[in-house]
$ cat query.cif   # mmCIF, C-alpha atoms and all ligand atoms
data_protein
#
loop_
_atom_site.label_atom_id
_atom_site.label_comp_id
_atom_site.auth_asym_id
_atom_site.auth_seq_id
_atom_site.Cartn_x
_atom_site.Cartn_y
_atom_site.Cartn_z
CA MET A 83 143.31 104.14 122.98
CA ALA A 84 144.56 103.33 119.48
CA PRO A 85 143.63 105.80 116.78
CA VAL A 86 140.93 104.67 114.37
CA THR A 87 142.33 104.32 110.85
CA THR A 88 140.24 104.75 107.75
CA THR A 89 141.15 104.21 104.13
CA SER A 90 141.04 107.21 101.85
CA THR A 91 139.20 105.30 99.11
CA THR A 92 135.94 105.60 101.04
CA THR A 93 135.91 109.40 100.81
CA THR A 94 136.00 109.98 97.05
CA GLN A 95 135.12 107.34 94.55
CA ARG A 96 137.02 107.54 91.29
CA THR A 97 136.25 105.43 88.25
CA VAL A 98 138.68 105.37 85.34
CA LEU A 99 137.57 103.87 82.04
CA THR A 100 140.26 103.19 79.42
CA GLY A 101 140.73 101.42 76.11
CA ALA A 102 137.46 102.43 74.44
CA ARG A 103 136.57 104.69 71.58
CA VAL A 104 135.23 107.85 73.25
CA VAL A 105 132.91 110.32 71.53
CA LEU A 106 133.80 113.81 72.74
CA PRO A 107 132.45 117.18 71.52
CA SER A 108 135.86 117.73 69.89
CA GLY A 109 135.75 114.43 68.01
CA VAL A 110 136.10 110.68 68.30
CA VAL A 111 139.13 109.46 70.25
CA GLU A 112 140.33 105.87 69.79
CA GLY A 113 141.75 104.26 72.94
CA GLY A 114 140.38 107.13 74.99
CA ARG A 115 139.95 107.58 78.71
CA ILE A 116 137.15 108.89 80.94
CA THR A 117 137.69 109.72 84.60
CA VAL A 118 134.77 110.01 86.99
CA ASP A 119 135.12 111.61 90.40
CA GLY A 120 132.03 111.29 92.57
CA THR A 121 129.04 112.29 90.45
CA ARG A 122 131.00 114.16 87.78
CA ILE A 123 133.45 113.75 84.96
CA ALA A 124 136.95 114.83 86.01
CA PRO A 125 140.03 115.81 83.99
CA ASN A 126 142.11 112.74 83.07
CA GLU A 127 145.36 112.01 84.87
CA GLN A 128 147.34 109.74 82.58
CA ALA A 129 149.27 108.11 85.45
CA GLU A 130 146.08 106.98 87.17
CA GLN A 131 145.32 103.28 86.95
CA ALA A 132 142.21 102.09 85.13
CA THR A 133 139.34 100.68 87.17
CA HIS A 134 137.80 99.36 83.93
CA ASP A 135 140.17 98.59 81.05
CA LEU A 136 137.97 97.99 78.01
CA ALA A 137 140.85 97.46 75.54
CA GLY A 138 140.30 94.77 72.92
CA GLN A 139 136.51 94.72 73.39
CA GLY A 140 135.60 97.16 70.61
CA CYS A 141 133.70 99.35 73.07
CA THR A 142 132.45 102.89 72.45
CA ILE A 143 131.63 105.36 75.25
CA VAL A 144 129.00 108.00 74.52
CA PRO A 145 127.16 110.54 76.69
CA GLY A 146 123.97 109.33 78.40
CA PHE A 147 120.92 109.55 76.16
CA VAL A 148 118.32 112.31 76.68
CA ASP A 149 114.71 111.52 75.71
CA LEU A 150 112.43 114.52 75.16
CA HIS A 151 109.33 112.51 74.34
CA ASN A 152 108.47 109.32 76.23
CA HIS A 153 105.13 108.05 77.55
CA GLY A 154 106.33 105.11 79.64
CA GLY A 155 107.92 101.67 79.65
CA GLY A 156 108.36 98.50 81.67
CA GLY A 157 104.58 98.07 81.64
CA ALA A 158 104.00 101.48 83.28
CA SER A 159 102.60 104.78 82.04
CA PHE A 160 103.47 108.41 82.79
CA THR A 161 99.89 109.52 82.04
CA SER A 162 98.07 107.22 84.44
CA GLY A 163 100.76 105.67 86.64
CA THR A 164 101.44 106.08 90.35
CA ALA A 165 104.81 107.45 91.49
CA GLU A 166 106.06 103.85 91.75
CA ASP A 167 104.87 103.13 88.18
CA VAL A 168 106.66 106.22 86.92
CA LEU A 169 109.89 105.06 88.55
CA THR A 170 109.47 101.62 86.99
CA ALA A 171 109.28 103.23 83.55
CA VAL A 172 112.24 105.50 84.31
CA ARG A 173 114.38 102.54 85.46
CA THR A 174 113.43 100.54 82.38
CA HIS A 175 114.65 103.28 80.04
CA ARG A 176 117.70 103.98 82.19
CA ALA A 177 118.89 100.40 81.71
CA HIS A 178 118.80 101.15 77.96
CA GLY A 179 121.04 104.21 78.33
CA THR A 180 118.49 107.01 78.84
CA THR A 181 119.93 108.90 81.78
CA THR A 182 117.66 111.95 81.34
CA LEU A 183 113.99 111.63 80.49
CA VAL A 184 111.02 113.96 80.04
CA ALA A 185 107.68 112.32 80.90
CA SER A 186 105.04 112.78 78.20
CA THR A 187 101.31 112.60 78.84
CA VAL A 188 98.57 111.80 76.32
CA THR A 189 95.18 113.47 75.91
CA GLU A 190 92.99 113.28 79.00
CA SER A 191 90.64 115.83 80.60
CA LEU A 192 92.33 118.99 81.89
CA ASP A 193 91.48 118.02 85.49
CA PHE A 194 93.04 114.59 85.05
CA LEU A 195 96.19 116.08 83.50
CA ALA A 196 96.51 118.72 86.23
CA LYS A 197 96.42 116.02 88.92
CA GLN A 198 98.96 113.83 87.12
CA ALA A 199 101.18 116.87 86.51
CA ALA A 200 101.28 117.49 90.27
CA LEU A 201 102.42 113.89 90.83
CA LEU A 202 105.03 114.05 88.06
CA SER A 203 106.31 117.42 89.29
CA GLU A 204 107.37 115.78 92.56
CA LEU A 205 109.49 113.30 90.63
CA VAL A 206 110.99 116.18 88.66
CA GLU A 207 111.81 117.87 91.98
CA GLN A 208 113.53 114.67 93.18
CA GLY A 209 115.61 114.51 89.99
CA ASP A 210 114.06 111.30 88.63
CA LEU A 211 112.50 113.11 85.65
CA ALA A 212 113.77 116.13 83.71
CA GLY A 213 110.31 117.61 83.17
CA ILE A 214 106.83 117.10 81.77
CA HIS A 215 105.71 117.21 78.14
CA PHE A 216 101.99 117.64 77.52
CA GLU A 217 101.07 115.98 74.22
CA GLY A 218 97.40 116.84 73.83
CA PRO A 219 94.66 117.83 74.39
CA PHE A 220 95.37 120.95 72.25
CA ILE A 221 95.75 119.01 68.99
CA SER A 222 93.91 118.60 65.72
CA PRO A 223 91.13 116.01 65.41
CA CYS A 224 92.27 115.55 61.77
CA ARG A 225 95.69 114.32 62.97
CA LYS A 226 94.81 112.88 66.36
CA GLY A 227 96.77 109.62 66.04
CA ALA A 228 96.33 107.67 69.27
CA HIS A 229 94.54 110.45 71.18
CA ASP A 230 90.89 110.30 72.31
CA GLU A 231 89.00 112.64 69.97
CA SER A 232 86.21 113.32 72.48
CA LEU A 233 88.73 114.94 74.85
CA LEU A 234 90.51 117.20 72.32
CA ARG A 235 90.16 120.96 72.79
CA HIS A 236 91.25 124.17 71.15
CA PRO A 237 94.42 125.66 72.62
CA ASP A 238 92.78 128.38 74.70
CA PRO A 239 95.68 130.31 76.26
CA ALA A 240 93.89 130.35 79.65
CA ASP A 241 93.75 126.52 79.64
CA VAL A 242 97.36 126.26 78.47
CA ARG A 243 98.44 128.60 81.26
CA ALA A 244 96.49 126.62 83.88
CA LEU A 245 98.00 123.31 82.77
CA VAL A 246 101.54 124.72 82.86
CA ALA A 247 100.82 126.13 86.34
CA ALA A 248 99.57 122.72 87.53
CA ALA A 249 103.03 121.34 86.71
CA ARG A 250 104.58 123.70 89.31
CA GLY A 251 107.54 124.73 87.22
CA ALA A 252 108.11 121.24 85.77
CA ALA A 253 106.44 121.76 82.37
CA ARG A 254 109.10 121.69 79.65
CA MET A 255 107.10 121.23 76.45
CA VAL A 256 103.55 121.41 75.09
CA THR A 257 102.67 119.89 71.72
CA LEU A 258 99.87 121.73 69.98
CA ALA A 259 98.20 122.35 66.64
CA ALA A 260 98.87 126.06 66.19
CA GLU A 261 96.32 126.44 63.37
CA LEU A 262 93.44 125.91 65.82
CA PRO A 263 91.70 128.92 67.44
CA GLY A 264 94.00 130.30 70.16
CA GLY A 265 96.96 128.39 68.75
CA ILE A 266 99.28 131.25 67.87
CA ASP A 267 98.51 133.09 71.13
CA SER A 268 99.25 129.86 73.03
CA VAL A 269 102.60 129.48 71.24
CA ARG A 270 103.48 133.05 72.26
CA LEU A 271 102.38 132.38 75.83
CA LEU A 272 104.49 129.21 76.08
CA ALA A 273 107.53 131.01 74.68
CA ASP A 274 107.02 133.76 77.30
CA LEU A 275 106.73 131.16 80.06
CA GLY A 276 109.98 129.46 78.95
CA VAL A 277 108.14 126.28 77.96
CA ILE A 278 108.90 124.73 74.55
CA ALA A 279 106.03 125.12 72.09
CA ALA A 280 106.12 122.06 69.85
CA VAL A 281 104.21 121.86 66.58
CA GLY A 282 102.55 118.48 66.23
CA HIS A 283 99.39 116.46 65.68
CA THR A 284 98.67 119.33 63.33
CA ASP A 285 96.82 119.87 60.07
CA ALA A 286 98.52 123.23 59.45
CA THR A 287 99.54 124.52 56.05
CA TYR A 288 103.09 125.63 55.27
CA GLU A 289 102.11 129.26 55.91
CA GLN A 290 100.39 128.51 59.22
CA THR A 291 103.44 126.58 60.38
CA VAL A 292 105.75 129.49 59.47
CA GLU A 293 103.47 131.73 61.57
CA ALA A 294 103.76 129.32 64.52
CA ILE A 295 107.56 129.30 64.26
CA ASP A 296 107.63 133.10 64.06
CA ALA A 297 105.47 133.14 67.22
CA GLY A 298 108.06 131.04 69.05
CA ALA A 299 107.58 127.33 68.29
CA THR A 300 110.98 125.58 68.37
CA VAL A 301 110.30 121.85 68.17
CA ALA A 302 108.56 119.59 65.66
CA THR A 303 106.81 116.74 67.47
CA HIS A 304 107.74 113.44 65.72
CA LEU A 305 108.26 115.05 62.32
CA PHE A 306 106.35 113.32 59.48
CA ASN A 307 103.99 111.53 61.88
CA ALA A 308 100.55 113.04 62.67
CA MET A 309 100.88 115.89 60.14
CA PRO A 310 100.12 116.39 56.42
CA PRO A 311 102.74 114.74 54.18
CA LEU A 312 105.31 116.69 52.18
CA GLN A 313 103.92 117.39 48.72
CA HIS A 314 105.61 119.29 45.95
CA ARG A 315 102.79 121.84 45.57
CA GLU A 316 101.59 121.72 49.19
CA PRO A 317 104.78 121.63 51.28
CA GLY A 318 102.77 121.68 54.52
CA PRO A 319 104.36 121.76 57.98
CA ILE A 320 107.21 119.37 57.16
CA ALA A 321 109.02 121.74 54.79
CA ALA A 322 108.46 124.73 57.10
CA LEU A 323 109.85 122.84 60.10
CA LEU A 324 112.81 121.33 58.25
CA GLU A 325 113.99 124.56 56.67
CA ASP A 326 113.86 126.89 59.68
CA GLU A 327 117.08 127.17 61.69
CA ARG A 328 115.09 127.88 64.87
CA VAL A 329 113.41 124.46 64.89
CA THR A 330 114.67 121.09 66.17
CA VAL A 331 112.87 118.10 64.69
CA GLU A 332 112.03 115.00 66.71
CA LEU A 333 112.50 111.70 64.85
CA ILE A 334 111.28 108.26 65.98
CA ASN A 335 113.90 105.87 64.66
CA ASP A 336 112.20 102.51 65.20
CA GLY A 337 111.93 101.47 61.56
CA THR A 338 108.11 101.63 61.80
CA HIS A 339 107.38 105.35 62.16
CA LEU A 340 109.98 106.39 59.56
CA HIS A 341 111.60 104.62 56.63
CA PRO A 342 115.41 104.69 57.03
CA SER A 343 115.77 106.76 53.86
CA VAL A 344 113.37 109.39 55.26
CA LEU A 345 115.35 109.53 58.49
CA GLU A 346 118.52 110.08 56.50
CA LEU A 347 116.78 112.72 54.38
CA ALA A 348 115.59 114.62 57.47
CA PHE A 349 119.03 114.41 59.07
CA GLY A 350 120.65 115.75 55.92
CA SER A 351 118.10 118.51 55.50
CA ALA A 352 117.98 119.80 59.09
CA GLY A 353 121.62 118.99 59.83
CA PRO A 354 122.79 117.11 62.94
CA ALA A 355 122.47 120.19 65.19
CA ARG A 356 118.69 120.30 64.66
CA VAL A 357 117.62 116.67 65.15
CA ALA A 358 116.48 115.07 68.41
CA LEU A 359 116.12 111.28 68.43
CA ILE A 360 113.18 110.40 70.65
CA THR A 361 111.33 107.19 71.53
CA ASP A 362 107.66 108.27 71.89
CA ALA A 363 107.65 105.01 73.88
CA MET A 364 104.54 103.65 75.55
CA ASP A 365 104.16 101.15 78.40
CA ALA A 366 105.22 98.12 76.33
CA ALA A 367 108.76 99.46 75.79
CA GLY A 368 111.20 97.10 77.45
CA PHE A 369 108.27 94.88 78.46
CA GLY A 370 106.65 92.93 75.61
CA ASP A 371 103.68 92.32 73.35
CA GLY A 372 100.13 92.35 74.70
CA LEU A 373 97.16 94.60 75.43
CA TYR A 374 97.78 97.99 77.02
CA ASP A 375 96.00 101.26 77.85
CA LEU A 376 97.21 104.50 76.28
CA GLY A 377 95.31 107.07 78.31
CA PRO A 378 91.66 106.14 77.78
CA LEU A 379 92.36 104.09 74.60
CA LYS A 380 93.16 100.37 74.15
CA VAL A 381 96.35 99.44 72.35
CA GLU A 382 97.55 96.09 71.07
CA VAL A 383 101.29 95.52 70.74
CA ARG A 384 102.26 92.84 68.26
CA GLN A 385 105.88 92.10 67.36
CA GLY A 386 106.87 95.34 69.04
CA VAL A 387 104.48 97.53 67.03
CA ALA A 388 101.78 99.36 69.05
CA ARG A 389 98.45 100.04 67.33
CA LEU A 390 95.05 101.21 68.56
CA VAL A 391 92.64 98.27 68.89
CA GLU A 392 90.02 100.49 67.27
CA GLY A 393 91.11 101.86 63.89
CA GLY A 394 94.64 100.46 63.92
CA SER A 395 96.46 103.83 64.14
CA ILE A 396 100.12 103.58 65.30
CA ALA A 397 100.03 104.27 69.05
CA GLY A 398 103.47 105.34 70.16
CA SER A 399 106.43 103.02 69.96
CA THR A 400 108.10 100.30 72.00
CA LEU A 401 111.45 101.86 71.22
CA THR A 402 114.30 102.45 73.64
CA LEU A 403 117.00 104.98 72.74
CA ASP A 404 119.80 102.38 72.57
CA THR A 405 117.96 100.79 69.64
CA ALA A 406 117.35 104.18 68.02
CA PHE A 407 121.07 104.92 68.32
CA LYS A 408 122.21 101.54 67.00
CA ARG A 409 119.86 101.84 64.02
CA ALA A 410 121.15 105.36 63.26
CA VAL A 411 124.80 104.35 63.09
CA THR A 412 124.47 100.83 61.65
CA LEU A 413 121.46 101.04 59.29
CA ASP A 414 120.80 104.69 58.49
CA GLY A 415 124.28 105.88 57.62
CA ILE A 416 124.39 108.55 60.34
CA ALA A 417 127.95 109.41 61.42
CA LEU A 418 128.74 108.47 65.02
CA PRO A 419 129.29 112.06 66.31
CA ASP A 420 126.08 113.21 64.56
CA ALA A 421 124.04 110.45 66.17
CA VAL A 422 125.52 111.35 69.58
CA GLN A 423 124.65 115.00 69.04
CA ALA A 424 121.04 114.12 68.12
CA ILE A 425 120.51 111.78 71.06
CA SER A 426 122.32 113.72 73.82
CA ALA A 427 123.58 117.24 73.14
CA ASN A 428 120.59 118.60 71.20
CA PRO A 429 117.86 117.48 73.61
CA ALA A 430 120.03 118.65 76.54
CA ARG A 431 120.28 122.09 74.90
CA LEU A 432 116.51 122.27 74.39
CA LEU A 433 115.99 121.49 78.08
CA GLY A 434 118.46 124.21 79.08
CA LEU A 435 120.75 121.57 80.65
CA SER A 436 123.83 121.87 78.41
CA ASP A 437 125.97 123.04 81.32
CA ARG A 438 125.34 119.72 83.13
CA ILE A 439 124.63 116.97 80.59
CA GLY A 440 124.72 116.13 76.88
CA SER A 441 128.46 115.63 76.36
CA LEU A 442 131.47 113.98 78.00
CA GLU A 443 133.39 116.94 79.43
CA PRO A 444 135.06 117.54 82.80
CA GLY A 445 132.66 119.16 85.26
CA LYS A 446 129.53 117.69 83.74
CA ASP A 447 127.43 114.93 85.32
CA ALA A 448 128.99 111.50 84.83
CA ASP A 449 126.16 110.22 82.63
CA LEU A 450 127.52 107.80 80.05
CA VAL A 451 126.76 104.68 78.06
CA VAL A 452 129.26 101.94 77.20
CA LEU A 453 128.42 100.11 73.97
CA ASP A 454 130.05 96.94 72.71
CA GLY A 455 131.31 96.35 69.16
CA ASP A 456 127.72 95.71 67.98
CA TYR A 457 126.48 98.93 69.63
CA GLU A 458 124.65 96.97 72.33
CA VAL A 459 124.57 98.50 75.82
CA VAL A 460 127.06 96.89 78.20
CA GLY A 461 127.29 99.73 80.72
CA VAL A 462 125.21 102.69 81.86
CA MET A 463 126.40 105.23 84.42
CA ARG A 464 124.20 107.99 85.83
CA LYS A 465 125.65 110.70 88.06
CA GLY A 466 128.69 108.54 88.72
CA GLU A 467 126.76 105.40 89.68
CA TRP A 468 126.53 102.29 87.54
CA VAL A 469 122.96 101.51 86.49
CA VAL A 470 124.37 98.70 84.34
CA ARG A 471 127.91 97.72 85.34
CA PRO A 472 130.21 96.54 82.53
CA ALA A 473 131.42 92.94 83.00
ZN ZN B 501 103.93 110.93 71.97
#
$ encode --input "query.cif" --output "structure tokens" --more "lines below"
Ligand SMILES: [Zn+2]
Amino acid sequence: MAPVTTTSTTTTQRTVLTGARVVLPSGVVEGGRITVDGTRIAPNEQAEQATHDLAGQGCTIVPGFVDLHNHGGGGASFTSGTAEDVLTAVRTHRAHGTTTLVASTVTESLDFLAKQAALLSELVEQGDLAGIHFEGPFISPCRKGAHDESLLRHPDPADVRALVAAARGAARMVTLAAELPGGIDSVRLLADLGVIAAVGHTDATYEQTVEAIDAGATVATHLFNAMPPLQHREPGPIAALLEDERVTVELINDGTHLHPSVLELAFGSAGPARVALITDAMDAAGFGDGLYDLGPLKVEVRQGVARLVEGGSIAGSTLTLDTAFKRAVTLDGIALPDAVQAISANPARLLGLSDRIGSLEPGKDADLVVLDGDYEVVGVMRKGEWVVRPA
């Protein structure tokens, strides 16, 4: 009997990208090279032939985007969706370069949230999501934004603990108004549990915000939005969050939530190591205008801007991170490595995943985005597999 012959190419799959500008932690390399072996980035071997030569196309390769704050997309919601809906939203954002995503919920009853957390935790276990972020119900009625006021509650540490437990180890962040009764104790509890306490939807003073940070809060939920504005005699939470080295500030760079000059101001003030670009996306992201539900509330999306039908409050965004990134580097004057840090490395660090994702280094997951000369996505790879294959 003749021996069966197999080709060695079926055993390990190597992808070699050349001829693009590559953004590495050490700096930007023109005409760089990225080698992928299986699911991970491998050291380059200069003699190895390119599988994708991108020379002459003006392409830039950056690490896969990491979204800390995202409520859905593709017509599907993380708060109310089935497992299939959740995957639809995940795939929608993945095609826009978001290779790691935390699912955010909006205010619902504690029972409702506990049930949805159990569903989401299974998708975290499978690796489709990087965790759960509870935005509400422990927020201020004065700064409720697009959350149902009738379901808001004080952050009672027992309730916070029960909600985190319902997520079966998948809770990564809780946004709360720390000035409410139980707020500071809840921040301490979250810090003890290894869950990020995020200050947001808050009516806190400067002093109350400093107290929350001292108690362990490390993230500002969409800085500037759903909190008192910065005033020269009443600095409020914004100044406290911007000035403290322990805090990373989330920014929604869709041109609606923040004026470009305010984005630039926040970037300059906090520094690129303390900014996380997020979407705060809702179901309409990557889908289109129309009528949607945001938890129990009705939302109308017109020309990409989501507003509550009742009252007209901004209700999340329809942003995807590729657009946030393109705006940062083309409109807002953010340097390319700084934008990469804010959209990949910083959120990866907050999630405790810096050893696996957040930068293009050998040994890390092969999560990357290929952008063309206009910073439009032409390729997305996640764990070594093309989600969007470059032409
Ligand atoms: Zn949100």
$ closest_residue --input "query.cif" --among "A:Leu373, A:Leu275, A:Leu202, A:Ala397" --to "ligand ZN 501 (chain B)" --atoms "only C-alpha atoms and all ligand atoms"
A:Ala397
$ axis_aligned_box --input "query.cif" --around "region 366-369 of chain A" --padding-each-side "5 Å" --output "AutoDock Vina command-line options"
--center_x 108.2 --center_y 97.2 --center_z 77.1 --size_x 16.0 --size_y 14.6 --size_z 12.7
$ residues_near_ligand --input "query.cif" --ligand "ligand ZN 501 (chain B)" --cutoff "8 Å" --atoms "all atoms listed in the file" --output "PyMOL selection string"
chain A and resi 151-153+186-188+217+303-304+362-363+398
$ atom_distance --input "query.cif" --atom1 "CA of Val452 (chain A)" --atom2 "CA of Leu340 (chain A)"
26.5 Å
$ residues_around --input "query.cif" --residues "Arg103 (chain A)" --least-positions-apart "3" --cutoff "12 Å" --atoms "all atoms listed in the file" --output "PyMOL selection string"
chain A and resi 99-100+106+109-116+135-144+418-419+451-455+457
$ write_last_selection --input "query.cif" --atoms "C-alpha atoms" --output "mmCIF file, in the frame of the given file"
data_model
loop_
_atom_site.group_PDB
_atom_site.id
_atom_site.type_symbol
_atom_site.label_atom_id
_atom_site.label_comp_id
_atom_site.auth_asym_id
_atom_site.auth_seq_id
_atom_site.Cartn_x
_atom_site.Cartn_y
_atom_site.Cartn_z
ATOM 1 C CA LEU A 99 137.570 103.870 82.040
ATOM 2 C CA THR A 100 140.260 103.190 79.420
ATOM 3 C CA LEU A 106 133.800 113.810 72.740
ATOM 4 C CA GLY A 109 135.750 114.430 68.010
ATOM 5 C CA VAL A 110 136.100 110.680 68.300
ATOM 6 C CA VAL A 111 139.130 109.460 70.250
ATOM 7 C CA GLU A 112 140.330 105.870 69.790
ATOM 8 C CA GLY A 113 141.750 104.260 72.940
ATOM 9 C CA GLY A 114 140.380 107.130 74.990
ATOM 10 C CA ARG A 115 139.950 107.580 78.710
ATOM 11 C CA ILE A 116 137.150 108.890 80.940
ATOM 12 C CA ASP A 135 140.170 98.590 81.050
ATOM 13 C CA LEU A 136 137.970 97.990 78.010
ATOM 14 C CA ALA A 137 140.850 97.460 75.540
ATOM 15 C CA GLY A 138 140.300 94.770 72.920
ATOM 16 C CA GLN A 139 136.510 94.720 73.390
ATOM 17 C CA GLY A 140 135.600 97.160 70.610
ATOM 18 C CA CYS A 141 133.700 99.350 73.070
ATOM 19 C CA THR A 142 132.450 102.890 72.450
ATOM 20 C CA ILE A 143 131.630 105.360 75.250
ATOM 21 C CA VAL A 144 129.000 108.000 74.520
ATOM 22 C CA LEU A 418 128.740 108.470 65.020
ATOM 23 C CA PRO A 419 129.290 112.060 66.310
ATOM 24 C CA VAL A 451 126.760 104.680 78.060
ATOM 25 C CA VAL A 452 129.260 101.940 77.200
ATOM 26 C CA LEU A 453 128.420 100.110 73.970
ATOM 27 C CA ASP A 454 130.050 96.940 72.710
ATOM 28 C CA GLY A 455 131.310 96.350 69.160
ATOM 29 C CA TYR A 457 126.480 98.930 69.630
#
$ closest_residue --input "query.cif" --among "A:Val383, A:Ala177, A:Ala132, A:Ile396" --to "Gly146 (chain A)" --atoms "all atoms listed in the file"
A:Ala177
$ closest_residue --input "query.cif" --among "A:Asp119, A:Glu332, A:Asp420, A:Asp210" --to "Gly282 (chain A)" --atoms "only C-alpha atoms"
A:Glu332
$ build_atoms --input "query.cif" --residues "region 131-153 of chain A" --atoms "N, CA and C atoms" --output "PDB file, in the frame of the given file"
ATOM      1  N   GLN A 131     145.608 104.641  87.430  1.00  0.00           N
ATOM      2  CA  GLN A 131     145.320 103.280  86.950  1.00  0.00           C
ATOM      3  C   GLN A 131     143.841 103.132  86.600  1.00  0.00           C
ATOM      4  N   ALA A 132     143.590 102.319  85.559  1.00  0.00           N
ATOM      5  CA  ALA A 132     142.210 102.090  85.130  1.00  0.00           C
ATOM      6  C   ALA A 132     141.460 101.236  86.147  1.00  0.00           C
ATOM      7  N   THR A 133     140.201 101.591  86.406  1.00  0.00           N
ATOM      8  CA  THR A 133     139.340 100.680  87.170  1.00  0.00           C
ATOM      9  C   THR A 133     138.610  99.733  86.200  1.00  0.00           C
ATOM     10  N   HIS A 134     138.417 100.195  84.961  1.00  0.00           N
ATOM     11  CA  HIS A 134     137.800  99.360  83.930  1.00  0.00           C
ATOM     12  C   HIS A 134     138.596  99.531  82.640  1.00  0.00           C
ATOM     13  N   ASP A 135     139.437  98.529  82.311  1.00  0.00           N
ATOM     14  CA  ASP A 135     140.170  98.590  81.050  1.00  0.00           C
ATOM     15  C   ASP A 135     139.356  97.826  79.996  1.00  0.00           C
ATOM     16  N   LEU A 136     138.860  98.574  79.013  1.00  0.00           N
ATOM     17  CA  LEU A 136     137.970  97.990  78.010  1.00  0.00           C
ATOM     18  C   LEU A 136     138.706  97.634  76.716  1.00  0.00           C
ATOM     19  N   ALA A 137     140.051  97.700  76.756  1.00  0.00           N
ATOM     20  CA  ALA A 137     140.850  97.460  75.540  1.00  0.00           C
ATOM     21  C   ALA A 137     140.528  96.094  74.937  1.00  0.00           C
ATOM     22  N   GLY A 138     140.496  96.038  73.622  1.00  0.00           N
ATOM     23  CA  GLY A 138     140.300  94.770  72.920  1.00  0.00           C
ATOM     24  C   GLY A 138     138.844  94.328  72.838  1.00  0.00           C
ATOM     25  N   GLN A 139     137.928  95.121  73.397  1.00  0.00           N
ATOM     26  CA  GLN A 139     136.510  94.720  73.390  1.00  0.00           C
ATOM     27  C   GLN A 139     135.672  95.473  72.354  1.00  0.00           C
ATOM     28  N   GLY A 140     136.314  96.399  71.639  1.00  0.00           N
ATOM     29  CA  GLY A 140     135.600  97.160  70.610  1.00  0.00           C
ATOM     30  C   GLY A 140     134.528  98.086  71.168  1.00  0.00           C
ATOM     31  N   CYS A 141     134.738  98.543  72.414  1.00  0.00           N
ATOM     32  CA  CYS A 141     133.700  99.350  73.070  1.00  0.00           C
ATOM     33  C   CYS A 141     133.744 100.826  72.638  1.00  0.00           C
ATOM     34  N   THR A 142     132.579 101.458  72.696  1.00  0.00           N
ATOM     35  CA  THR A 142     132.450 102.890  72.450  1.00  0.00           C
ATOM     36  C   THR A 142     131.753 103.514  73.659  1.00  0.00           C
ATOM     37  N   ILE A 143     132.276 104.640  74.133  1.00  0.00           N
ATOM     38  CA  ILE A 143     131.630 105.360  75.250  1.00  0.00           C
ATOM     39  C   ILE A 143     131.022 106.647  74.705  1.00  0.00           C
ATOM     40  N   VAL A 144     129.728 106.817  74.981  1.00  0.00           N
ATOM     41  CA  VAL A 144     129.000 108.000  74.520  1.00  0.00           C
ATOM     42  C   VAL A 144     128.302 108.644  75.709  1.00  0.00           C
ATOM     43  N   PRO A 145     127.900 109.923  75.579  1.00  0.00           N
ATOM     44  CA  PRO A 145     127.160 110.540  76.690  1.00  0.00           C
ATOM     45  C   PRO A 145     125.821 109.830  76.899  1.00  0.00           C
ATOM     46  N   GLY A 146     125.287 109.889  78.116  1.00  0.00           N
ATOM     47  CA  GLY A 146     123.970 109.330  78.400  1.00  0.00           C
ATOM     48  C   GLY A 146     122.929 109.925  77.475  1.00  0.00           C
ATOM     49  N   PHE A 147     121.947 109.097  77.099  1.00  0.00           N
ATOM     50  CA  PHE A 147     120.920 109.550  76.160  1.00  0.00           C
ATOM     51  C   PHE A 147     119.892 110.423  76.886  1.00  0.00           C
ATOM     52  N   VAL A 148     119.312 111.365  76.127  1.00  0.00           N
ATOM     53  CA  VAL A 148     118.320 112.310  76.680  1.00  0.00           C
ATOM     54  C   VAL A 148     117.048 112.180  75.830  1.00  0.00           C
ATOM     55  N   ASP A 149     115.961 111.750  76.453  1.00  0.00           N
ATOM     56  CA  ASP A 149     114.710 111.520  75.710  1.00  0.00           C
ATOM     57  C   ASP A 149     113.699 112.621  76.033  1.00  0.00           C
ATOM     58  N   LEU A 150     113.371 113.392  75.012  1.00  0.00           N
ATOM     59  CA  LEU A 150     112.430 114.520  75.160  1.00  0.00           C
ATOM     60  C   LEU A 150     110.975 114.088  75.133  1.00  0.00           C
ATOM     61  N   HIS A 151     110.712 112.899  74.653  1.00  0.00           N
ATOM     62  CA  HIS A 151     109.330 112.510  74.340  1.00  0.00           C
ATOM     63  C   HIS A 151     109.161 111.027  74.623  1.00  0.00           C
ATOM     64  N   ASN A 152     108.510 110.706  75.760  1.00  0.00           N
ATOM     65  CA  ASN A 152     108.470 109.320  76.230  1.00  0.00           C
ATOM     66  C   ASN A 152     107.246 109.163  77.137  1.00  0.00           C
ATOM     67  N   HIS A 153     106.386 108.222  76.798  1.00  0.00           N
ATOM     68  CA  HIS A 153     105.130 108.050  77.550  1.00  0.00           C
ATOM     69  C   HIS A 153     105.181 106.946  78.598  1.00  0.00           C
TER      70      HIS A 153
END
